[in-house]
$ cat protein.txt   # compact mmCIF, C-alpha atoms and all ligand atoms
# COMPACT_ATOMS: atom_id res chain seq x y z
CA MET A 1 -53.08 -21.69 19.29
CA PRO A 2 -52.35 -19.36 16.39
CA LYS A 3 -54.86 -19.50 13.51
CA TYR A 4 -52.31 -18.94 10.74
CA ALA A 5 -48.67 -19.39 9.85
CA PHE A 6 -46.54 -17.96 7.10
CA PHE A 7 -45.10 -21.12 5.55
CA GLN A 8 -43.45 -21.91 2.21
CA GLY A 9 -44.11 -18.45 0.88
CA GLN A 10 -47.77 -18.02 1.85
CA PHE A 11 -50.24 -17.71 4.71
CA VAL A 12 -51.75 -21.09 5.60
CA PRO A 13 -53.91 -22.42 8.45
CA ILE A 14 -51.54 -23.28 11.33
CA GLU A 15 -52.40 -27.01 11.07
CA ASP A 16 -51.04 -27.04 7.51
CA ALA A 17 -47.63 -25.65 8.54
CA ARG A 18 -45.89 -28.96 9.21
CA VAL A 19 -42.41 -30.35 8.57
CA SER A 20 -41.18 -33.91 8.15
CA ILE A 21 -39.19 -35.77 10.81
CA MET A 22 -36.45 -35.90 8.15
CA THR A 23 -36.13 -32.11 8.06
CA HIS A 24 -32.50 -31.07 8.33
CA ALA A 25 -33.13 -28.39 10.96
CA PHE A 26 -35.10 -30.83 13.11
CA ASN A 27 -32.22 -33.34 12.99
CA TYR A 28 -29.26 -30.98 13.30
CA GLY A 29 -30.52 -27.67 14.69
CA THR A 30 -29.60 -25.87 11.47
CA GLY A 31 -31.91 -22.91 11.73
CA CYS A 32 -32.07 -19.47 13.24
CA PHE A 33 -34.97 -17.56 14.71
CA GLU A 34 -36.22 -14.42 16.38
CA GLY A 35 -38.49 -13.60 19.27
CA ILE A 36 -40.42 -10.37 18.83
CA ARG A 37 -43.05 -8.80 21.04
CA ALA A 38 -46.07 -6.75 20.10
CA TYR A 39 -47.82 -4.75 22.84
CA TRP A 40 -51.49 -3.85 22.96
CA ASN A 41 -52.15 -0.19 23.86
CA ASP A 42 -55.67 0.22 25.22
CA GLN A 43 -55.88 4.02 24.89
CA ALA A 44 -54.63 4.07 21.32
CA GLU A 45 -56.54 0.84 20.53
CA GLN A 46 -53.42 -0.22 18.71
CA LEU A 47 -51.03 -3.14 18.66
CA TYR A 48 -47.41 -1.97 18.46
CA VAL A 49 -44.57 -4.27 17.39
CA PHE A 50 -41.39 -3.35 19.24
CA ARG A 51 -38.23 -2.73 17.20
CA LEU A 52 -39.47 -4.90 14.36
CA ARG A 53 -36.79 -3.93 11.83
CA GLU A 54 -33.95 -4.53 14.28
CA HIS A 55 -35.15 -8.11 14.86
CA PHE A 56 -35.14 -8.87 11.14
CA GLU A 57 -31.79 -7.15 10.68
CA ARG A 58 -30.44 -9.53 13.31
CA MET A 59 -32.15 -12.45 11.58
CA HIS A 60 -30.34 -11.52 8.37
CA ARG A 61 -27.03 -11.51 10.30
CA SER A 62 -27.82 -14.89 11.94
CA SER A 63 -28.72 -16.31 8.50
CA ARG A 64 -25.47 -15.05 7.06
CA ILE A 65 -23.50 -16.87 9.74
CA LEU A 66 -25.47 -20.08 9.03
CA ARG A 67 -25.27 -19.73 5.22
CA ILE A 68 -29.03 -19.43 5.08
CA GLN A 69 -30.31 -17.52 2.07
CA LEU A 70 -33.25 -15.38 3.19
CA ASP A 71 -35.33 -14.58 0.14
CA HIS A 72 -37.15 -11.72 1.86
CA SER A 73 -35.62 -8.33 2.59
CA VAL A 74 -35.94 -6.80 6.06
CA SER A 75 -38.80 -4.59 4.80
CA GLU A 76 -40.63 -7.56 3.29
CA LEU A 77 -40.26 -9.54 6.52
CA CYS A 78 -41.70 -6.59 8.46
CA ASP A 79 -44.68 -6.47 6.08
CA ILE A 80 -45.29 -10.22 6.38
CA THR A 81 -45.27 -9.87 10.18
CA LEU A 82 -47.81 -7.05 10.13
CA GLU A 83 -50.05 -9.00 7.78
CA LEU A 84 -49.83 -12.10 9.96
CA LEU A 85 -50.76 -10.09 13.07
CA ARG A 86 -53.70 -8.51 11.21
CA LYS A 87 -54.90 -11.96 10.19
CA GLU A 88 -54.73 -13.14 13.81
CA GLY A 89 -56.60 -9.93 14.64
CA LEU A 90 -56.07 -9.98 18.42
CA ARG A 91 -56.19 -7.06 20.84
CA GLN A 92 -53.63 -8.30 23.32
CA ASP A 93 -49.87 -8.67 23.81
CA MET A 94 -48.35 -11.03 21.25
CA TYR A 95 -45.11 -12.90 20.68
CA ILE A 96 -43.90 -13.42 17.12
CA ARG A 97 -41.61 -16.26 16.14
CA PRO A 98 -39.95 -16.17 12.70
CA LEU A 99 -37.70 -19.10 11.75
CA ALA A 100 -35.27 -19.59 8.88
CA TYR A 101 -34.01 -23.12 8.47
CA LYS A 102 -32.45 -25.84 6.36
CA ALA A 103 -35.48 -27.63 5.01
CA ASP A 104 -34.07 -30.58 3.03
CA GLU A 105 -35.17 -34.06 4.01
CA ILE A 106 -31.75 -35.70 3.83
CA ILE A 107 -29.03 -37.19 6.02
CA GLY A 108 -25.75 -35.30 6.19
CA VAL A 109 -24.46 -32.60 8.51
CA ARG A 110 -23.43 -29.47 6.66
CA LEU A 111 -24.58 -25.97 5.84
CA HIS A 112 -23.91 -25.79 2.10
CA ASP A 113 -25.99 -27.08 -0.85
CA LEU A 114 -29.23 -27.15 1.10
CA THR A 115 -32.64 -25.54 0.63
CA ASP A 116 -33.63 -22.75 2.96
CA GLU A 117 -37.15 -22.05 4.16
CA PHE A 118 -38.72 -19.28 6.17
CA ALA A 119 -41.72 -19.65 8.49
CA MET A 120 -43.47 -17.54 11.12
CA PHE A 121 -46.28 -17.70 13.65
CA ALA A 122 -47.61 -15.41 16.39
CA ILE A 123 -49.22 -16.24 19.74
CA PRO A 124 -50.62 -14.28 22.69
CA PHE A 125 -47.94 -13.95 25.37
CA GLY A 126 -47.61 -12.67 28.92
CA ARG A 127 -44.70 -12.93 31.33
CA TYR A 128 -41.64 -15.07 30.54
CA ILE A 129 -40.57 -15.40 34.18
CA GLU A 130 -42.93 -14.91 37.12
CA GLN A 131 -40.47 -13.04 39.33
CA GLU A 132 -39.84 -9.93 37.23
CA GLU A 133 -39.59 -7.82 40.40
CA GLY A 134 -37.17 -10.11 42.22
CA ALA A 135 -35.59 -13.08 40.52
CA HIS A 136 -33.39 -15.54 42.41
CA VAL A 137 -30.64 -16.76 40.09
CA CYS A 138 -27.82 -19.27 40.27
CA ILE A 139 -24.47 -19.41 38.50
CA SER A 140 -24.92 -22.24 36.04
CA GLY A 141 -22.54 -25.19 36.02
CA TRP A 142 -22.84 -25.02 32.24
CA ARG A 143 -20.63 -22.64 30.27
CA ARG A 144 -21.96 -20.40 27.52
CA VAL A 145 -21.46 -21.60 23.92
CA ASP A 146 -18.24 -20.07 22.60
CA ASP A 147 -17.93 -18.04 19.41
CA ASN A 148 -15.39 -20.53 18.09
CA ALA A 149 -17.81 -23.43 18.63
CA THR A 150 -21.37 -22.16 18.16
CA PRO A 151 -21.55 -18.39 17.66
CA ALA A 152 -23.79 -16.86 20.32
CA ARG A 153 -24.35 -13.66 18.34
CA ALA A 154 -26.38 -15.68 15.86
CA LYS A 155 -29.73 -16.80 17.26
CA ILE A 156 -29.22 -20.43 16.24
CA THR A 157 -31.93 -22.98 17.07
CA GLY A 158 -29.43 -25.75 17.91
CA ALA A 159 -27.53 -23.47 20.29
CA TYR A 160 -30.59 -23.25 22.55
CA ILE A 161 -29.66 -26.62 24.02
CA ASN A 162 -27.10 -24.59 25.96
CA SER A 163 -29.89 -22.30 27.21
CA ALA A 164 -32.22 -25.22 27.95
CA LEU A 165 -29.59 -27.11 29.98
CA SER A 166 -28.84 -24.08 32.14
CA LYS A 167 -32.49 -23.03 32.53
CA THR A 168 -33.77 -26.48 33.51
CA ASP A 169 -30.99 -27.15 35.99
CA ALA A 170 -31.63 -23.72 37.56
CA VAL A 171 -35.40 -24.14 37.80
CA LEU A 172 -35.23 -27.73 39.10
CA SER A 173 -32.82 -26.48 41.79
CA GLY A 174 -35.38 -23.87 42.85
CA TYR A 175 -34.02 -20.78 41.08
CA ASP A 176 -35.86 -18.58 38.62
CA GLU A 177 -33.00 -18.23 36.16
CA ALA A 178 -29.36 -19.05 35.54
CA LEU A 179 -26.40 -16.79 34.87
CA VAL A 180 -24.00 -18.49 32.51
CA LEU A 181 -20.23 -17.94 32.50
CA THR A 182 -17.88 -17.69 29.54
CA GLN A 183 -15.08 -20.22 29.12
CA THR A 184 -12.83 -17.78 31.01
CA GLY A 185 -15.25 -17.59 33.93
CA HIS A 186 -16.80 -14.16 33.43
CA ILE A 187 -20.54 -13.59 33.35
CA SER A 188 -21.83 -13.88 29.81
CA GLU A 189 -25.61 -13.61 30.19
CA GLY A 190 -28.73 -15.36 31.46
CA SER A 191 -30.09 -18.49 29.79
CA ALA A 192 -31.98 -16.31 27.29
CA GLU A 193 -31.46 -12.75 28.57
CA ASN A 194 -28.71 -10.18 28.68
CA PHE A 195 -27.27 -9.18 32.05
CA PHE A 196 -26.50 -5.84 33.71
CA ILE A 197 -25.23 -4.73 37.10
CA VAL A 198 -25.38 -1.31 38.69
CA ARG A 199 -22.09 -0.50 40.40
CA ASN A 200 -21.20 2.91 41.83
CA GLY A 201 -24.25 4.33 40.09
CA GLN A 202 -23.10 3.17 36.67
CA LEU A 203 -24.50 0.40 34.47
CA ILE A 204 -22.11 -2.38 33.46
CA THR A 205 -22.89 -5.13 30.96
CA PRO A 206 -20.68 -7.76 29.26
CA SER A 207 -19.36 -6.59 25.89
CA VAL A 208 -20.38 -8.14 22.56
CA THR A 209 -17.23 -10.29 22.62
CA SER A 210 -18.40 -12.11 25.79
CA ASN A 211 -20.36 -14.75 23.83
CA ILE A 212 -23.63 -12.90 24.29
CA LEU A 213 -26.54 -12.60 21.92
CA GLU A 214 -26.39 -8.96 20.86
CA GLY A 215 -29.71 -8.17 22.45
CA ILE A 216 -32.15 -5.60 21.16
CA THR A 217 -33.46 -5.01 24.68
CA ARG A 218 -29.85 -4.57 25.85
CA ASP A 219 -29.45 -1.85 23.25
CA THR A 220 -32.80 -0.33 24.26
CA VAL A 221 -31.82 -0.29 27.94
CA ILE A 222 -28.45 1.34 27.19
CA GLU A 223 -30.20 4.11 25.26
CA LEU A 224 -33.04 4.62 27.75
CA ALA A 225 -30.62 4.69 30.72
CA ARG A 226 -28.52 7.33 28.99
CA GLU A 227 -31.33 9.46 27.59
CA GLU A 228 -33.87 9.24 30.38
CA MET A 229 -31.76 8.66 33.51
CA GLY A 230 -28.40 10.16 32.59
CA LEU A 231 -26.70 6.81 33.29
CA LYS A 232 -23.77 5.62 31.20
CA THR A 233 -23.22 1.94 30.44
CA LEU A 234 -19.76 0.45 30.58
CA GLN A 235 -19.31 -2.64 28.39
CA ARG A 236 -16.65 -4.91 29.88
CA SER A 237 -16.09 -8.34 31.46
CA ILE A 238 -17.94 -8.86 34.72
CA ASP A 239 -16.46 -11.00 37.47
CA ARG A 240 -18.74 -13.36 39.31
CA SER A 241 -17.93 -11.74 42.67
CA GLU A 242 -19.06 -8.34 41.41
CA ILE A 243 -22.66 -9.56 41.74
CA TYR A 244 -22.03 -9.97 45.48
CA ILE A 245 -21.04 -6.33 45.89
CA CYS A 246 -23.03 -4.44 43.25
CA GLU A 247 -26.00 -2.24 44.14
CA GLU A 248 -28.43 -3.81 41.67
CA ALA A 249 -28.51 -6.45 38.96
CA PHE A 250 -31.03 -7.23 36.26
CA LEU A 251 -31.83 -9.33 33.21
CA CYS A 252 -33.29 -7.97 30.01
CA GLY A 253 -34.62 -9.45 26.80
CA THR A 254 -37.67 -9.49 24.61
CA GLY A 255 -39.18 -12.31 26.68
CA VAL A 256 -38.09 -11.33 30.18
CA GLN A 257 -38.44 -7.56 29.46
CA VAL A 258 -36.53 -5.91 32.34
CA ALA A 259 -36.39 -8.12 35.46
CA ALA A 260 -34.65 -7.40 38.76
CA ILE A 261 -32.27 -9.99 40.18
CA THR A 262 -32.55 -9.74 43.95
CA GLN A 263 -30.71 -12.90 45.04
CA VAL A 264 -27.82 -14.88 43.65
CA GLU A 265 -27.40 -18.33 45.17
CA HIS A 266 -28.93 -17.28 48.51
CA ARG A 267 -26.96 -14.04 48.77
CA PRO A 268 -28.92 -10.80 48.53
CA VAL A 269 -28.04 -8.57 45.59
CA GLY A 270 -27.72 -5.05 47.04
CA THR A 271 -30.55 -4.69 49.58
CA GLY A 272 -32.13 -7.96 48.44
CA THR A 273 -35.15 -6.13 47.05
CA ILE A 274 -35.74 -4.40 43.72
CA GLY A 275 -33.66 -1.20 43.60
CA PRO A 276 -34.38 2.33 42.34
CA VAL A 277 -32.51 2.05 39.02
CA VAL A 278 -34.22 -1.16 37.93
CA SER A 279 -37.63 0.07 39.15
CA ARG A 280 -37.31 3.28 37.14
CA LEU A 281 -35.97 1.46 34.07
CA ARG A 282 -38.94 -0.90 34.16
CA GLU A 283 -41.39 2.03 34.27
CA ILE A 284 -39.67 3.74 31.36
CA TYR A 285 -39.36 0.49 29.39
CA PHE A 286 -43.01 -0.51 29.70
CA ASP A 287 -44.18 2.95 28.62
CA VAL A 288 -41.85 2.89 25.63
CA VAL A 289 -42.74 -0.62 24.38
CA ARG A 290 -46.47 0.08 24.65
CA GLY A 291 -46.07 3.16 22.46
CA LYS A 292 -46.91 5.57 25.29
CA ASN A 293 -43.74 7.65 24.97
CA PRO A 294 -43.82 9.77 21.77
CA LYS A 295 -40.04 10.20 21.84
CA TYR A 296 -39.60 6.48 21.13
CA ARG A 297 -42.68 5.89 18.95
CA HIS A 298 -40.34 5.20 16.01
CA TRP A 299 -39.50 1.89 17.74
CA CYS A 300 -43.18 0.89 17.76
CA THR A 301 -44.76 -0.23 14.49
CA PRO A 302 -48.58 -0.03 14.52
CA VAL A 303 -50.31 -3.16 13.22
CA TYR A 304 -53.83 -1.94 12.59
CA THR A 305 -54.63 0.76 10.07
CA GLY A 306 -57.70 2.96 9.69
N1 LIG A 401 -29.55 -13.74 25.07
C1 LIG A 401 -30.16 -14.84 24.62
C2 LIG A 401 -29.42 -16.13 24.61
C3 LIG A 401 -31.48 -14.77 24.16
O1 LIG A 401 -32.11 -15.86 23.71
C4 LIG A 401 -32.16 -13.53 24.19
C5 LIG A 401 -33.59 -13.44 23.73
N2 LIG A 401 -33.68 -13.23 22.34
C6 LIG A 401 -31.47 -12.40 24.66
C7 LIG A 401 -30.17 -12.56 25.09
C8 LIG A 401 -32.10 -11.05 24.63
O2 LIG A 401 -32.17 -10.58 23.32
P1 LIG A 401 -33.31 -9.59 22.84
O3 LIG A 401 -33.30 -8.44 23.78
O4 LIG A 401 -32.91 -9.19 21.48
O5 LIG A 401 -34.58 -10.33 22.90

$ encode --input "protein.txt" --output "structure tokens"
Amino acid sequence: MPKYAFFQGQFVPIEDARVSIMTHAFNYGTGCFEGIRAYWNDQAEQLYVFRLREHFERMHRSSRILRIQLDHSVSELCDITLELLRKEGLRQDMYIRPLAYKADEIIGVRLHDLTDEFAMFAIPFGRYIEQEEGAHVCISGWRRVDDNATPARAKITGAYINSALSKTDAVLSGYDEALVLTQTGHISEGSAENFFIVRNGQLITPSVTSNILEGITRDTVIELAREEMGLKTLQRSIDRSEIYICEEAFLCGTGVQVAAITQVEHRPVGTGTIGPVVSRLREIYFDVVRGKNPKYRHWCTPVYTG
């Protein structure tokens, strides 16, 4: 359990950060959120928050789509996060969850003329899926939320029903994760991760108009692949059958980090074991997020001072 929360403009004990059952966001899913990781670096004795600004920039974009007025600037939100982490005071990997939501206790579905609130907590966090070195995924029977229905590029609380339906059906059928198709039948992404394949030595990932969340890890992977491995990423629609013939496939996201997909519905992906591109990307990624690679230290915000 966290010790503190940022709630209604101040730090309070976590047990005091409570909302009513009448809360608009609880009834209608009218909120947006972020998931941010902080990594403990033993040598540096430092906790580094990964790409903190970018997460709050995205939260501002999500809020804009939902007509949520965020009273705090990106810089202020970064400062609140660092202060919260210092108050928790832990020397281990953490997950930070900011939320912006419609807080009124009223009946009536809408986005306008409502009061917005911001809240945040942080908890210790390890792996999001067990099989990071070899996930077995299915193609979900559920389709990804469409931009014209519930915009996927905003990280909207209510939209995670789509993720939860696909994840639970996948796990209860014995898979680790689900790949979710767009309305036109192309791969959009995982239940809560972006998706890449390696084909003819090149990375391919669905473009931002494929109803994906515009992932910060996706952006990180594209840059690291180019800079550190000389691999270009093509952003285009991916057909389902391309997973059957590609060399490698993987999921990436703040939670899942970079995870190899080695089987899709009982077919091996490539050799059926983790491949060289994903293995190398994982090594590079984990060094970068933990603040061990000076070239990318600007992505890592230190929490503790002095
Ligand atoms: N897609 C969805 C639906 C997600 O929930 C997430 C996790 N935030 C991602 C992709 C990956 O995004 P990011 O790398 O920014 O965490």

$ residues_near_ligand --input "protein.txt" --ligand "ligand LIG 401 (chain A)" --cutoff "10 Å" --atoms "all atoms listed in the file" --output "ChimeraX atom specification"
/A:33-37,51,54-55,58,144-145,152-157,159-160,162-163,180,188-195,211-221,251-258

$ closest_residue --input "protein.txt" --among "A:Arg91, A:Ile161, A:Val198, A:Ala17" --to "A:Thr233" --atoms "only C-alpha atoms"
A:Val198

$ atom_distance --input "protein.txt" --atom1 "atom CA of A:Glu177" --atom2 "atom CA of A:Val137"
4.8 Å

$ closest_residue --input "protein.txt" --among "A:Tyr4, A:Phe250, A:Trp299, A:Phe286" --to "A:Thr273" --atoms "only C-alpha atoms"
A:Phe250

$ residues_around --input "protein.txt" --residues "A:Gly31" --least-positions-apart "4" --cutoff "12 Å" --atoms "only C-alpha atoms" --output "PyMOL selection string"
chain A and resi 23-27+59-60+62-70+98-104+110-111+114-119+154-160
